[in-house]
$ cat protein_14.cif   # mmCIF, C-alpha atoms
data_protein
loop_
_atom_site.label_atom_id
_atom_site.label_comp_id
_atom_site.auth_asym_id
_atom_site.auth_seq_id
_atom_site.Cartn_x
_atom_site.Cartn_y
_atom_site.Cartn_z
CA MET W 874 0.00 0.00 0.00
CA LYS W 875 1.51 3.30 -1.13
CA ILE W 876 1.17 6.37 1.11
CA LEU W 877 2.03 9.93 0.05
CA VAL W 878 3.61 12.08 2.75
CA THR W 879 3.84 15.73 1.75
CA GLY W 880 6.54 17.65 3.58
CA GLY W 881 7.98 14.25 4.44
CA LEU W 882 11.52 15.52 4.97
CA GLY W 883 10.39 17.99 7.64
CA PHE W 884 10.45 17.48 11.40
CA ILE W 885 7.16 15.65 11.98
CA GLY W 886 6.94 14.33 8.42
CA SER W 887 10.26 12.47 8.55
CA HIS W 888 9.42 10.80 11.86
CA THR W 889 6.05 9.75 10.43
CA VAL W 890 7.73 8.26 7.35
CA VAL W 891 9.88 6.15 9.69
CA GLU W 892 6.81 4.84 11.54
CA LEU W 893 5.00 4.10 8.26
CA GLN W 894 7.96 2.17 6.87
CA ASN W 895 8.32 0.29 10.16
CA LYS W 896 4.73 -0.87 9.66
CA GLY W 897 5.46 -2.07 6.12
CA TYR W 898 3.92 0.76 4.07
CA GLU W 899 5.52 1.95 0.84
CA VAL W 900 6.08 5.67 1.19
CA VAL W 901 6.52 8.37 -1.42
CA ILE W 902 7.57 11.82 -0.18
CA ILE W 903 6.86 15.16 -1.81
CA ASP W 904 8.99 18.02 -0.51
CA ASN W 905 10.22 21.26 -2.07
CA LEU W 906 13.21 21.44 0.35
CA SER W 907 12.34 25.01 1.33
CA ASN W 908 12.56 24.17 5.04
CA SER W 909 14.21 20.76 5.00
CA SER W 910 17.28 18.89 3.78
CA ILE W 911 17.68 16.07 1.26
CA GLU W 912 20.08 14.39 3.74
CA VAL W 913 17.05 13.48 5.86
CA LEU W 914 16.41 10.68 3.34
CA ASP W 915 19.65 9.05 4.48
CA GLY W 916 18.60 9.36 8.11
CA ILE W 917 15.29 7.64 7.37
CA GLU W 918 17.11 4.88 5.50
CA SER W 919 19.60 4.36 8.34
CA ILE W 920 16.71 3.79 10.80
CA THR W 921 14.38 1.67 8.64
CA GLY W 922 16.76 0.03 6.17
CA LYS W 923 14.77 1.45 3.26
CA LYS W 924 14.96 4.75 1.42
CA PRO W 925 11.48 6.09 0.62
CA LEU W 926 10.60 7.28 -2.87
CA PHE W 927 11.17 11.01 -3.22
CA GLU W 928 9.69 13.59 -5.60
CA HIS W 929 11.11 17.13 -5.52
CA ILE W 930 7.89 19.04 -6.21
CA ASP W 931 6.57 22.44 -5.21
CA LEU W 932 2.90 21.77 -4.49
CA ARG W 933 2.04 25.28 -5.67
CA ASP W 934 2.61 23.94 -9.20
CA LYS W 935 -0.85 22.60 -10.05
CA GLN W 936 0.33 20.75 -13.16
CA ALA W 937 3.14 19.05 -11.24
CA VAL W 938 0.63 17.86 -8.63
CA ALA W 939 -1.67 16.45 -11.34
CA TYR W 940 1.27 14.71 -13.04
CA PHE W 941 2.37 13.21 -9.71
CA PHE W 942 -1.03 11.59 -9.16
CA GLU W 943 -0.99 10.23 -12.73
CA LYS W 944 2.45 8.73 -12.16
CA HIS W 945 1.57 7.38 -8.70
CA SER W 946 -2.01 6.36 -9.38
CA ASP W 947 -1.73 3.64 -6.72
CA VAL W 948 -1.45 6.16 -3.85
CA ASN W 949 -4.41 5.43 -1.59
CA GLY W 950 -3.55 7.47 1.46
CA VAL W 951 -2.16 10.98 1.95
CA ILE W 952 -0.66 12.52 5.08
CA HIS W 953 -0.40 16.24 4.41
CA PHE W 954 2.28 18.12 6.36
CA ALA W 955 3.62 20.49 3.70
CA ALA W 956 2.95 24.07 4.80
CA SER W 957 4.65 27.25 5.89
CA LYS W 958 4.44 27.51 9.67
CA ALA W 959 6.08 30.65 11.10
CA VAL W 960 3.50 32.82 12.84
CA GLY W 961 5.53 36.04 12.59
CA GLU W 962 6.37 35.53 8.93
CA SER W 963 2.70 34.88 8.17
CA VAL W 964 1.80 38.28 9.61
CA GLU W 965 4.44 39.96 7.46
CA ASN W 966 3.65 38.00 4.28
CA PRO W 967 0.06 36.70 4.48
CA LEU W 968 -0.35 36.05 0.74
CA LEU W 969 2.59 33.64 0.77
CA TYR W 970 0.84 31.68 3.52
CA TYR W 971 -2.55 31.64 1.83
CA GLU W 972 -1.00 30.53 -1.46
CA ASN W 973 1.27 27.90 0.07
CA ASN W 974 -1.03 26.48 2.75
CA ILE W 975 -4.44 26.79 1.07
CA GLY W 976 -3.68 26.56 -2.65
CA THR W 977 -1.60 23.39 -2.27
CA LEU W 978 -4.30 21.73 -0.15
CA VAL W 979 -6.87 22.48 -2.87
CA TYR W 980 -4.67 20.99 -5.60
CA ILE W 981 -4.19 17.74 -3.67
CA LEU W 982 -7.88 17.40 -2.84
CA GLN W 983 -8.79 18.03 -6.50
CA GLN W 984 -6.75 14.96 -7.43
CA LEU W 985 -8.00 12.82 -4.55
CA GLN W 986 -11.68 13.44 -5.31
CA LYS W 987 -11.16 11.74 -8.68
CA LYS W 988 -10.45 8.48 -6.85
CA ASP W 989 -13.04 5.88 -5.89
CA LYS W 990 -11.82 6.12 -2.30
CA ALA W 991 -9.20 8.32 -0.70
CA ASN W 992 -7.89 8.60 2.85
CA PHE W 993 -6.54 11.97 3.98
CA ILE W 994 -4.78 12.94 7.21
CA PHE W 995 -4.42 16.69 7.78
CA SER W 996 -1.73 18.28 9.89
CA SER W 997 -3.68 20.85 11.89
CA SER W 998 -2.86 22.71 15.08
CA CYS W 999 -4.12 23.61 18.53
CA THR W 1000 -3.75 27.23 17.39
CA VAL W 1001 -7.32 26.89 16.05
CA TYR W 1002 -8.55 27.12 19.66
CA GLY W 1003 -6.82 30.44 20.40
CA GLN W 1004 -6.89 31.08 24.14
CA ALA W 1005 -9.46 28.46 25.10
CA GLU W 1006 -11.74 29.33 27.98
CA GLN W 1007 -11.35 25.95 29.70
CA MET W 1008 -8.42 23.64 30.36
CA PRO W 1009 -7.74 20.99 29.28
CA ILE W 1010 -8.90 21.70 25.73
CA THR W 1011 -11.36 19.21 24.23
CA GLU W 1012 -12.21 18.79 20.56
CA GLU W 1013 -15.55 20.42 21.35
CA ALA W 1014 -13.90 23.71 22.36
CA PRO W 1015 -14.97 26.51 20.01
CA VAL W 1016 -12.61 27.47 17.21
CA GLN W 1017 -11.59 31.06 17.99
CA LYS W 1018 -10.77 33.81 15.54
CA ALA W 1019 -7.23 33.13 14.39
CA MET W 1020 -4.42 35.25 15.86
CA SER W 1021 -2.35 35.07 12.65
CA PRO W 1022 -2.63 34.23 8.94
CA TYR W 1023 -0.82 30.95 9.74
CA GLY W 1024 -3.50 29.98 12.27
CA ASN W 1025 -6.18 31.09 9.83
CA THR W 1026 -4.80 28.76 7.13
CA LYS W 1027 -5.27 25.82 9.52
CA GLN W 1028 -8.88 26.84 10.23
CA ILE W 1029 -9.65 27.40 6.54
CA GLY W 1030 -7.93 24.12 5.67
CA GLU W 1031 -10.16 22.24 8.09
CA GLU W 1032 -13.26 23.92 6.62
CA ILE W 1033 -12.22 23.03 3.05
CA ILE W 1034 -11.68 19.39 3.97
CA ASN W 1035 -15.08 19.22 5.70
CA ASP W 1036 -16.79 20.71 2.65
CA VAL W 1037 -15.05 18.46 0.12
CA ALA W 1038 -15.53 15.25 2.12
CA GLN W 1039 -19.30 15.71 2.14
CA VAL W 1040 -19.47 15.58 -1.67
CA SER W 1041 -16.68 13.12 -2.50
CA ASN W 1042 -15.22 9.74 -1.58
CA ILE W 1043 -12.57 11.38 0.60
CA ASN W 1044 -12.49 10.38 4.27
CA ALA W 1045 -10.35 12.54 6.49
CA ILE W 1046 -8.95 12.89 9.98
CA LEU W 1047 -7.85 16.30 11.28
CA LEU W 1048 -5.05 16.04 13.84
CA ARG W 1049 -4.66 19.09 16.05
CA TYR W 1050 -1.14 19.02 17.49
CA PHE W 1051 0.01 20.70 20.61
CA ASN W 1052 3.81 21.24 20.87
CA PRO W 1053 5.98 18.58 19.20
CA ILE W 1054 9.53 18.27 20.55
CA GLY W 1055 12.38 15.78 20.62
CA ALA W 1056 14.05 13.57 18.03
CA HIS W 1057 14.28 9.95 17.02
CA PRO W 1058 16.14 7.96 19.73
CA SER W 1059 18.72 6.94 17.11
CA ALA W 1060 19.61 10.65 16.64
CA ALA W 1061 19.51 9.94 12.88
CA ILE W 1062 16.70 12.49 12.34
CA GLY W 1063 15.42 15.43 14.37
CA GLU W 1064 14.35 19.05 14.20
CA LEU W 1065 16.39 21.16 11.75
CA PRO W 1066 15.23 24.77 12.06
CA ILE W 1067 16.62 27.03 9.36
CA GLY W 1068 17.94 30.26 10.86
CA VAL W 1069 16.90 31.35 14.35
CA PRO W 1070 14.55 28.76 15.92
CA LEU W 1071 10.99 29.89 16.55
CA ASN W 1072 10.19 27.11 19.00
CA LEU W 1073 11.36 26.77 22.60
CA VAL W 1074 13.16 23.42 22.61
CA PRO W 1075 15.51 23.90 19.63
CA PHE W 1076 16.35 27.33 21.06
CA ILE W 1077 17.16 25.63 24.38
CA THR W 1078 19.39 23.00 22.76
CA GLN W 1079 21.14 25.56 20.56
CA THR W 1080 21.79 27.75 23.61
CA ALA W 1081 23.24 24.77 25.48
CA ALA W 1082 25.39 23.95 22.45
CA GLY W 1083 26.73 27.52 22.28
CA VAL W 1084 25.06 28.34 18.95
CA ARG W 1085 22.84 30.93 20.68
CA GLN W 1086 24.26 33.23 23.33
CA GLN W 1087 21.13 33.49 25.43
CA LEU W 1088 17.59 32.13 25.65
CA SER W 1089 14.80 34.66 26.03
CA VAL W 1090 11.84 33.75 28.24
CA PHE W 1091 8.95 35.91 27.11
CA GLY W 1092 7.23 37.17 30.25
CA ASP W 1093 7.05 35.93 33.84
CA ASP W 1094 3.82 37.68 34.85
CA TYR W 1095 1.26 35.25 33.42
CA ASN W 1096 -1.32 33.75 35.75
CA THR W 1097 0.54 30.42 36.11
CA VAL W 1098 2.48 28.66 38.87
CA ASP W 1099 5.76 30.47 38.03
CA GLY W 1100 4.48 33.27 35.78
CA THR W 1101 5.62 31.70 32.48
CA CYS W 1102 3.41 30.32 29.70
CA ILE W 1103 2.10 26.76 29.81
CA ARG W 1104 2.17 24.43 26.80
CA ASP W 1105 1.66 20.72 26.16
CA TYR W 1106 4.94 19.25 24.89
CA ILE W 1107 4.62 15.93 23.02
CA HIS W 1108 7.47 13.69 21.84
CA VAL W 1109 7.59 13.74 18.03
CA VAL W 1110 7.81 9.93 17.84
CA ASP W 1111 4.56 9.61 19.81
CA LEU W 1112 3.01 12.17 17.46
CA ALA W 1113 4.26 10.29 14.39
CA LYS W 1114 2.75 7.03 15.63
CA ALA W 1115 -0.63 8.75 15.99
CA HIS W 1116 -0.61 9.51 12.25
CA VAL W 1117 -0.19 5.83 11.41
CA VAL W 1118 -3.00 4.86 13.81
CA ALA W 1119 -5.28 7.53 12.28
CA LEU W 1120 -4.46 6.42 8.72
CA GLU W 1121 -5.20 2.78 9.56
CA ARG W 1122 -8.52 3.82 11.09
CA LEU W 1123 -9.52 5.22 7.69
CA ILE W 1124 -8.06 2.35 5.66
CA GLU W 1125 -9.96 -0.19 7.76
CA GLY W 1126 -13.17 1.86 7.52
CA ASN W 1127 -13.48 2.31 11.28
CA ASN W 1128 -14.19 6.03 11.11
CA LEU W 1129 -17.67 6.97 12.30
CA GLN W 1130 -17.85 10.20 10.29
CA LYS W 1131 -16.50 11.43 6.96
CA VAL W 1132 -14.27 13.84 8.86
CA GLU W 1133 -13.05 13.23 12.40
CA THR W 1134 -10.96 15.48 14.64
CA PHE W 1135 -8.50 14.52 17.36
CA ASN W 1136 -6.25 16.47 19.73
CA LEU W 1137 -2.71 15.13 19.97
CA GLY W 1138 -0.90 16.04 23.17
CA THR W 1139 0.15 14.54 26.48
CA GLY W 1140 -2.71 16.02 28.48
CA LYS W 1141 -0.19 17.74 30.76
CA GLY W 1142 0.90 21.35 30.66
CA SER W 1143 4.44 22.49 31.48
CA THR W 1144 5.63 26.04 32.02
CA VAL W 1145 8.62 27.44 30.15
CA LEU W 1146 10.68 27.41 33.36
CA GLU W 1147 9.68 23.80 34.06
CA VAL W 1148 10.94 22.83 30.60
CA ILE W 1149 14.20 24.69 31.20
CA ASN W 1150 14.68 22.99 34.56
CA ALA W 1151 13.90 19.57 33.10
CA PHE W 1152 16.43 20.14 30.31
CA GLU W 1153 19.13 21.21 32.76
CA LYS W 1154 18.48 18.04 34.74
CA VAL W 1155 18.74 15.58 31.83
CA SER W 1156 21.64 17.35 30.10
CA ASN W 1157 23.72 18.47 33.11
CA GLU W 1158 24.06 21.80 31.29
CA LYS W 1159 23.32 25.19 32.84
CA LEU W 1160 21.28 27.35 30.49
CA ASN W 1161 21.92 31.05 30.05
CA TYR W 1162 18.41 32.50 29.96
CA LYS W 1163 16.85 35.88 30.63
CA ILE W 1164 13.30 36.99 31.38
CA VAL W 1165 12.20 39.56 28.79
CA GLU W 1166 8.96 41.32 27.85
CA ARG W 1167 5.94 39.31 26.79
CA ARG W 1168 5.71 38.43 23.10
CA ALA W 1169 2.69 39.68 21.18
CA GLY W 1170 0.15 36.97 20.39
CA ASP W 1171 1.27 34.49 23.05
CA ILE W 1172 -1.57 32.90 24.99
CA THR W 1173 -1.27 32.02 28.68
CA GLU W 1174 -1.85 28.29 28.54
CA ALA W 1175 -2.85 25.46 26.24
CA TYR W 1176 -2.87 21.75 26.97
CA ALA W 1177 -4.91 18.93 25.54
CA ASP W 1178 -7.71 16.78 26.76
CA THR W 1179 -6.54 13.51 25.18
CA ASN W 1180 -9.47 11.28 26.14
CA LYS W 1181 -10.89 11.12 22.62
CA ALA W 1182 -7.56 10.14 21.05
CA ASN W 1183 -6.95 7.61 23.84
CA ASP W 1184 -10.41 6.03 23.72
CA VAL W 1185 -11.43 6.31 20.05
CA LEU W 1186 -8.08 6.07 18.28
CA GLY W 1187 -6.59 3.76 20.88
CA TRP W 1188 -3.44 5.90 20.96
CA LYS W 1189 -1.61 7.50 23.85
CA THR W 1190 1.77 9.07 24.45
CA GLU W 1191 4.54 6.87 25.81
CA SER W 1192 7.44 9.28 26.40
CA SER W 1193 7.95 11.76 29.22
CA LEU W 1194 9.00 15.40 28.89
CA GLU W 1195 12.46 14.42 30.15
CA GLU W 1196 12.82 11.67 27.54
CA ALA W 1197 11.79 14.04 24.78
CA LEU W 1198 14.28 16.69 25.93
CA ASP W 1199 17.05 14.11 26.26
CA SER W 1200 16.46 12.97 22.66
CA ALA W 1201 16.49 16.58 21.45
CA TRP W 1202 19.83 17.17 23.20
CA LYS W 1203 21.39 14.00 21.74
CA TRP W 1204 20.31 15.15 18.27
CA GLU W 1205 21.72 18.66 18.82
CA LYS W 1206 25.04 17.24 20.03
CA LYS W 1207 25.22 14.97 17.00
CA ILE W 1208 24.66 17.70 14.42
CA ARG W 1209 27.07 20.06 16.26
CA LYS W 1210 29.62 17.24 16.71
CA ILE W 1211 29.67 17.70 20.50
CA ASN W 1212 30.84 14.73 22.58
#

$ encode --input "protein_14.cif" --output "structure tokens"
Amino acid sequence: MKILVTGGLGFIGSHTVVELQNKGYEVVIIDNLSNSSIEVLDGIESITGKKPLFEHIDLRDKQAVAYFFEKHSDVNGVIHFAASKAVGESVENPLLYYENNIGTLVYILQQLQKKDKANFIFSSSCTVYGQAEQMPITEEAPVQKAMSPYGNTKQIGEEIINDVAQVSNINAILLRYFNPIGAHPSAAIGELPIGVPLNLVPFITQTAAGVRQQLSVFGDDYNTVDGTCIRDYIHVVDLAKAHVVALERLIEGNNLQKVETFNLGTGKGSTVLEVINAFEKVSNEKLNYKIVERRAGDITEAYADTNKANDVLGWKTESSLEEALDSAWKWEKKIRKIN
């Protein structure tokens, strides 16, 4: 069975390719290498013993997408990661985000709706909830007005998939991630941010490795146990496994609706300072960090209610925050050649 993974050389995509290949699926990756590296293919091969098929395609090219589906007519499942994902950049260049995140989704769905049956997994985000009124956040929490064009593309993407599924043979699962961190335990693949990291954990590991001089903690006056923001940090391997479980739910016809939605998190919130302390403990490194002003657009807290994913999907996280941070540090040391 051939599965297309768009953005399959990215952080979450590459770990999902590993889990798919470990389960015996044939995988073909589409990636335009705008935020990833071709060397990730070698990392995937070193873990699984098999190099996935790779097509260097920009999904904004409608004709290239159509040709791909002609060439790979036996693709019967798609996991769609490919998207631009920097909140700040999306505010500065919204049209890039709408073209890249919405246009490419439309082109893929146009090809899938020609099939007798198609299974589609969408990489969504907990950003669709904004600052939810209740914690933990359930799938029933209202979708709030997006804080950025990036967040809006995830909301619009979900709406498009819902609309198309009702009038086609596409079945879909929307996976709303909380905060993916960590790396494969082999340290063969991990997070490879281009330029200055936008997420906390790679900034932590780069600071510990001496790549960054200092880590900024944005605000310590939030209404939390230590004044810093709370997020739900999930090990990327646990997240990757959830995609395989969701795909198999569709393949086996166990979905109860044309489109289903699941939160993917640990169900536990951690403050920024708790993450820093946990990293210092597992790494034996002292971090140089400084409390600075709040960052515009940051919400106080967000962590998942995972009951639906646990009970309906039969999936739950296996790794602790410390294990995820330890794997991230091993990956950072490997790519920086630190003993």

$ closest_atom_pairs --input "protein_14.cif" --of "segment 1086-1166 of chain W" --to "segment 1177-1201 of chain W" --cutoff "10 Å" --atoms "all atoms listed in the file" --output "Markdown table"
| residue | atom | partner | partner_atom | distance |
| --- | --- | --- | --- | --- |
| W:Arg1104 | CA | W:Ala1177 | CA | 9.1 |
| W:Asp1105 | CA | W:Ala1177 | CA | 6.8 |
| W:Tyr1106 | CA | W:Leu1194 | CA | 6.9 |
| W:Ile1107 | CA | W:Leu1194 | CA | 7.3 |
| W:His1108 | CA | W:Ala1197 | CA | 5.2 |
| W:Val1109 | CA | W:Ala1197 | CA | 8.0 |
| W:Val1110 | CA | W:Ser1192 | CA | 8.6 |
| W:Asp1111 | CA | W:Thr1190 | CA | 5.4 |
| W:Leu1112 | CA | W:Thr1190 | CA | 7.7 |
| W:Lys1114 | CA | W:Trp1188 | CA | 8.2 |
| W:Ala1115 | CA | W:Trp1188 | CA | 6.4 |
| W:His1116 | CA | W:Trp1188 | CA | 9.8 |
| W:Val1118 | CA | W:Leu1186 | CA | 6.9 |
| W:Ala1119 | CA | W:Leu1186 | CA | 6.8 |
| W:Glu1121 | CA | W:Leu1186 | CA | 9.8 |
| W:Arg1122 | CA | W:Leu1186 | CA | 7.5 |
| W:Asn1127 | CA | W:Leu1186 | CA | 9.6 |
| W:Asn1128 | CA | W:Val1185 | CA | 9.4 |
| W:Leu1129 | CA | W:Val1185 | CA | 10.0 |
| W:Thr1134 | CA | W:Ala1182 | CA | 9.0 |
| W:Phe1135 | CA | W:Ala1182 | CA | 5.8 |
| W:Asn1136 | CA | W:Thr1179 | CA | 6.2 |
| W:Leu1137 | CA | W:Thr1179 | CA | 6.7 |
| W:Gly1138 | CA | W:Ala1177 | CA | 5.5 |
| W:Thr1139 | CA | W:Thr1190 | CA | 6.1 |
| W:Gly1140 | CA | W:Ala1177 | CA | 4.7 |
| W:Lys1141 | CA | W:Ala1177 | CA | 7.1 |
| W:Gly1142 | CA | W:Ala1177 | CA | 8.1 |
| W:Ser1143 | CA | W:Leu1194 | CA | 8.8 |
| W:Glu1147 | CA | W:Leu1194 | CA | 9.9 |
| W:Val1148 | CA | W:Leu1194 | CA | 7.9 |
| W:Ile1149 | CA | W:Leu1198 | CA | 9.6 |
| W:Asn1150 | CA | W:Glu1195 | CA | 9.9 |
| W:Ala1151 | CA | W:Glu1195 | CA | 6.1 |
| W:Phe1152 | CA | W:Leu1198 | CA | 6.0 |
| W:Glu1153 | CA | W:Leu1198 | CA | 9.5 |
| W:Lys1154 | CA | W:Glu1195 | CA | 8.4 |
| W:Val1155 | CA | W:Asp1199 | CA | 6.0 |
| W:Ser1156 | CA | W:Asp1199 | CA | 6.8 |

$ closest_residue --input "protein_14.cif" --among "W:Ile1062, W:Ile885, W:Thr1101, W:Asn992" --to "Asp915 of chain W" --atoms "all atoms listed in the file"
W:Ile1062

$ resolve_selection --input "protein_14.cif" --expression "the PyMOL selection byres ((chain W and resi 1170) around 10)" --output "list in words"
Val960, Gly961, Gly1003, Gln1004, Met1020, Ser1021, Arg1167, Arg1168, Ala1169, Asp1171, Ile1172 and Thr1173 of chain W

$ atom_distance --input "protein_14.cif" --atom1 "atom CA of Met874 of chain W" --atom2 "atom CA of Tyr980 of chain W"
22.2 Å

$ atom_distance --input "protein_14.cif" --atom1 "atom CA of Ile975 of chain W" --atom2 "atom CA of Val1016 of chain W"
18.1 Å

$ resolve_selection --input "protein_14.cif" --expression "the PyMOL selection byres ((chain W and resi 1084) around 12)" --output "ChimeraX atom specification"
/W:1068-1070,1075-1083,1085-1088,1161,1205-1206,1208-1209,1211

$ residues_around --input "protein_14.cif" --residues "Ile902 of chain W" --least-positions-apart "4" --cutoff "6 Å" --atoms "all atoms listed in the file" --output "list in words"
Leu877, Val878, Thr879, Gly881 and Phe927 of chain W

$ residues_around --input "protein_14.cif" --residues "segment 943-952 of chain W" --least-positions-apart "4" --cutoff "10 Å" --atoms "all atoms listed in the file" --output "VMD selection string"
chain W and resid 874 to 881 886 889 to 890 899 to 902 937 to 939 981 to 982 984 to 985 988 to 996 1043 to 1046 1116 to 1117 1119 to 1121 1123 to 1124

$ write_last_selection --input "protein_14.cif" --atoms "C-alpha atoms" --output "PDB file, keeping the file's coordinate frame"
ATOM      1  CA  MET W 874       0.000   0.000   0.000  1.00  0.00           C
ATOM      2  CA  LYS W 875       1.510   3.300  -1.130  1.00  0.00           C
ATOM      3  CA  ILE W 876       1.170   6.370   1.110  1.00  0.00           C
ATOM      4  CA  LEU W 877       2.030   9.930   0.050  1.00  0.00           C
ATOM      5  CA  VAL W 878       3.610  12.080   2.750  1.00  0.00           C
ATOM      6  CA  THR W 879       3.840  15.730   1.750  1.00  0.00           C
ATOM      7  CA  GLY W 880       6.540  17.650   3.580  1.00  0.00           C
ATOM      8  CA  GLY W 881       7.980  14.250   4.440  1.00  0.00           C
ATOM      9  CA  GLY W 886       6.940  14.330   8.420  1.00  0.00           C
ATOM     10  CA  THR W 889       6.050   9.750  10.430  1.00  0.00           C
ATOM     11  CA  VAL W 890       7.730   8.260   7.350  1.00  0.00           C
ATOM     12  CA  GLU W 899       5.520   1.950   0.840  1.00  0.00           C
ATOM     13  CA  VAL W 900       6.080   5.670   1.190  1.00  0.00           C
ATOM     14  CA  VAL W 901       6.520   8.370  -1.420  1.00  0.00           C
ATOM     15  CA  ILE W 902       7.570  11.820  -0.180  1.00  0.00           C
ATOM     16  CA  ALA W 937       3.140  19.050 -11.240  1.00  0.00           C
ATOM     17  CA  VAL W 938       0.630  17.860  -8.630  1.00  0.00           C
ATOM     18  CA  ALA W 939      -1.670  16.450 -11.340  1.00  0.00           C
ATOM     19  CA  ILE W 981      -4.190  17.740  -3.670  1.00  0.00           C
ATOM     20  CA  LEU W 982      -7.880  17.400  -2.840  1.00  0.00           C
ATOM     21  CA  GLN W 984      -6.750  14.960  -7.430  1.00  0.00           C
ATOM     22  CA  LEU W 985      -8.000  12.820  -4.550  1.00  0.00           C
ATOM     23  CA  LYS W 988     -10.450   8.480  -6.850  1.00  0.00           C
ATOM     24  CA  ASP W 989     -13.040   5.880  -5.890  1.00  0.00           C
ATOM     25  CA  LYS W 990     -11.820   6.120  -2.300  1.00  0.00           C
ATOM     26  CA  ALA W 991      -9.200   8.320  -0.700  1.00  0.00           C
ATOM     27  CA  ASN W 992      -7.890   8.600   2.850  1.00  0.00           C
ATOM     28  CA  PHE W 993      -6.540  11.970   3.980  1.00  0.00           C
ATOM     29  CA  ILE W 994      -4.780  12.940   7.210  1.00  0.00           C
ATOM     30  CA  PHE W 995      -4.420  16.690   7.780  1.00  0.00           C
ATOM     31  CA  SER W 996      -1.730  18.280   9.890  1.00  0.00           C
ATOM     32  CA  ILE W1043     -12.570  11.380   0.600  1.00  0.00           C
ATOM     33  CA  ASN W1044     -12.490  10.380   4.270  1.00  0.00           C
ATOM     34  CA  ALA W1045     -10.350  12.540   6.490  1.00  0.00           C
ATOM     35  CA  ILE W1046      -8.950  12.890   9.980  1.00  0.00           C
ATOM     36  CA  HIS W1116      -0.610   9.510  12.250  1.00  0.00           C
ATOM     37  CA  VAL W1117      -0.190   5.830  11.410  1.00  0.00           C
ATOM     38  CA  ALA W1119      -5.280   7.530  12.280  1.00  0.00           C
ATOM     39  CA  LEU W1120      -4.460   6.420   8.720  1.00  0.00           C
ATOM     40  CA  GLU W1121      -5.200   2.780   9.560  1.00  0.00           C
ATOM     41  CA  LEU W1123      -9.520   5.220   7.690  1.00  0.00           C
ATOM     42  CA  ILE W1124      -8.060   2.350   5.660  1.00  0.00           C
TER      43      ILE W1124
END

$ resolve_selection --input "protein_14.cif" --expression "the PyMOL selection byres ((chain W and resi 1032-1035) around 9)" --output "JSON list (two decimals) with C-alpha atoms, in the coordinates of the input"
[["chain", "number", "residue", "atom", "x", "y", "z"],
["W", 975, "ILE", "CA", -4.44, 26.79, 1.07],
["W", 978, "LEU", "CA", -4.30, 21.73, -0.15],
["W", 979, "VAL", "CA", -6.87, 22.48, -2.87],
["W", 982, "LEU", "CA", -7.88, 17.40, -2.84],
["W", 995, "PHE", "CA", -4.42, 16.69, 7.78],
["W", 1027, "LYS", "CA", -5.27, 25.82, 9.52],
["W", 1028, "GLN", "CA", -8.88, 26.84, 10.23],
["W", 1029, "ILE", "CA", -9.65, 27.40, 6.54],
["W", 1030, "GLY", "CA", -7.93, 24.12, 5.67],
["W", 1031, "GLU", "CA", -10.16, 22.24, 8.09],
["W", 1036, "ASP", "CA", -16.79, 20.71, 2.65],
["W", 1037, "VAL", "CA", -15.05, 18.46, 0.12],
["W", 1038, "ALA", "CA", -15.53, 15.25, 2.12],
["W", 1039, "GLN", "CA", -19.30, 15.71, 2.14],
["W", 1043, "ILE", "CA", -12.57, 11.38, 0.60],
["W", 1045, "ALA", "CA", -10.35, 12.54, 6.49],
["W", 1047, "LEU", "CA", -7.85, 16.30, 11.28],
["W", 1131, "LYS", "CA", -16.50, 11.43, 6.96],
["W", 1132, "VAL", "CA", -14.27, 13.84, 8.86]]

$ atom_distance --input "protein_14.cif" --atom1 "atom CA of Lys987 of chain W" --atom2 "atom CA of Asn1042 of chain W"
8.4 Å

$ decode --input "protein_14.cif" --residues "segment 1187-1195 of chain W" --atoms "N, CA and C atoms" --output "PDB file, in the first residue's frame"
ATOM      1  N   GLY W1187      -7.381   4.791  20.209  1.00  0.00           N
ATOM      2  CA  GLY W1187      -6.585   3.764  20.881  1.00  0.00           C
ATOM      3  C   GLY W1187      -5.115   4.119  20.904  1.00  0.00           C
ATOM      4  N   TRP W1188      -4.830   5.404  20.968  1.00  0.00           N
ATOM      5  CA  TRP W1188      -3.441   5.903  20.965  1.00  0.00           C
ATOM      6  C   TRP W1188      -3.192   6.706  22.223  1.00  0.00           C
ATOM      7  N   LYS W1189      -2.004   6.596  22.765  1.00  0.00           N
ATOM      8  CA  LYS W1189      -1.611   7.501  23.854  1.00  0.00           C
ATOM      9  C   LYS W1189      -0.096   7.695  23.826  1.00  0.00           C
ATOM     10  N   THR W1190       0.332   8.774  24.439  1.00  0.00           N
ATOM     11  CA  THR W1190       1.770   9.070  24.455  1.00  0.00           C
ATOM     12  C   THR W1190       2.483   8.081  25.375  1.00  0.00           C
ATOM     13  N   GLU W1191       3.731   7.816  25.037  1.00  0.00           N
ATOM     14  CA  GLU W1191       4.536   6.873  25.811  1.00  0.00           C
ATOM     15  C   GLU W1191       5.730   7.546  26.480  1.00  0.00           C
ATOM     16  N   SER W1192       6.188   8.672  25.928  1.00  0.00           N
ATOM     17  CA  SER W1192       7.437   9.281  26.400  1.00  0.00           C
ATOM     18  C   SER W1192       7.173  10.469  27.313  1.00  0.00           C
ATOM     19  N   SER W1193       8.047  10.647  28.278  1.00  0.00           N
ATOM     20  CA  SER W1193       7.951  11.764  29.219  1.00  0.00           C
ATOM     21  C   SER W1193       8.598  13.011  28.631  1.00  0.00           C
ATOM     22  N   LEU W1194       8.354  14.143  29.283  1.00  0.00           N
ATOM     23  CA  LEU W1194       9.001  15.397  28.893  1.00  0.00           C
ATOM     24  C   LEU W1194      10.523  15.232  28.936  1.00  0.00           C
ATOM     25  N   GLU W1195      11.016  14.595  30.001  1.00  0.00           N
ATOM     26  CA  GLU W1195      12.465  14.421  30.150  1.00  0.00           C
ATOM     27  C   GLU W1195      13.049  13.574  29.015  1.00  0.00           C
TER      28      GLU W1195
END
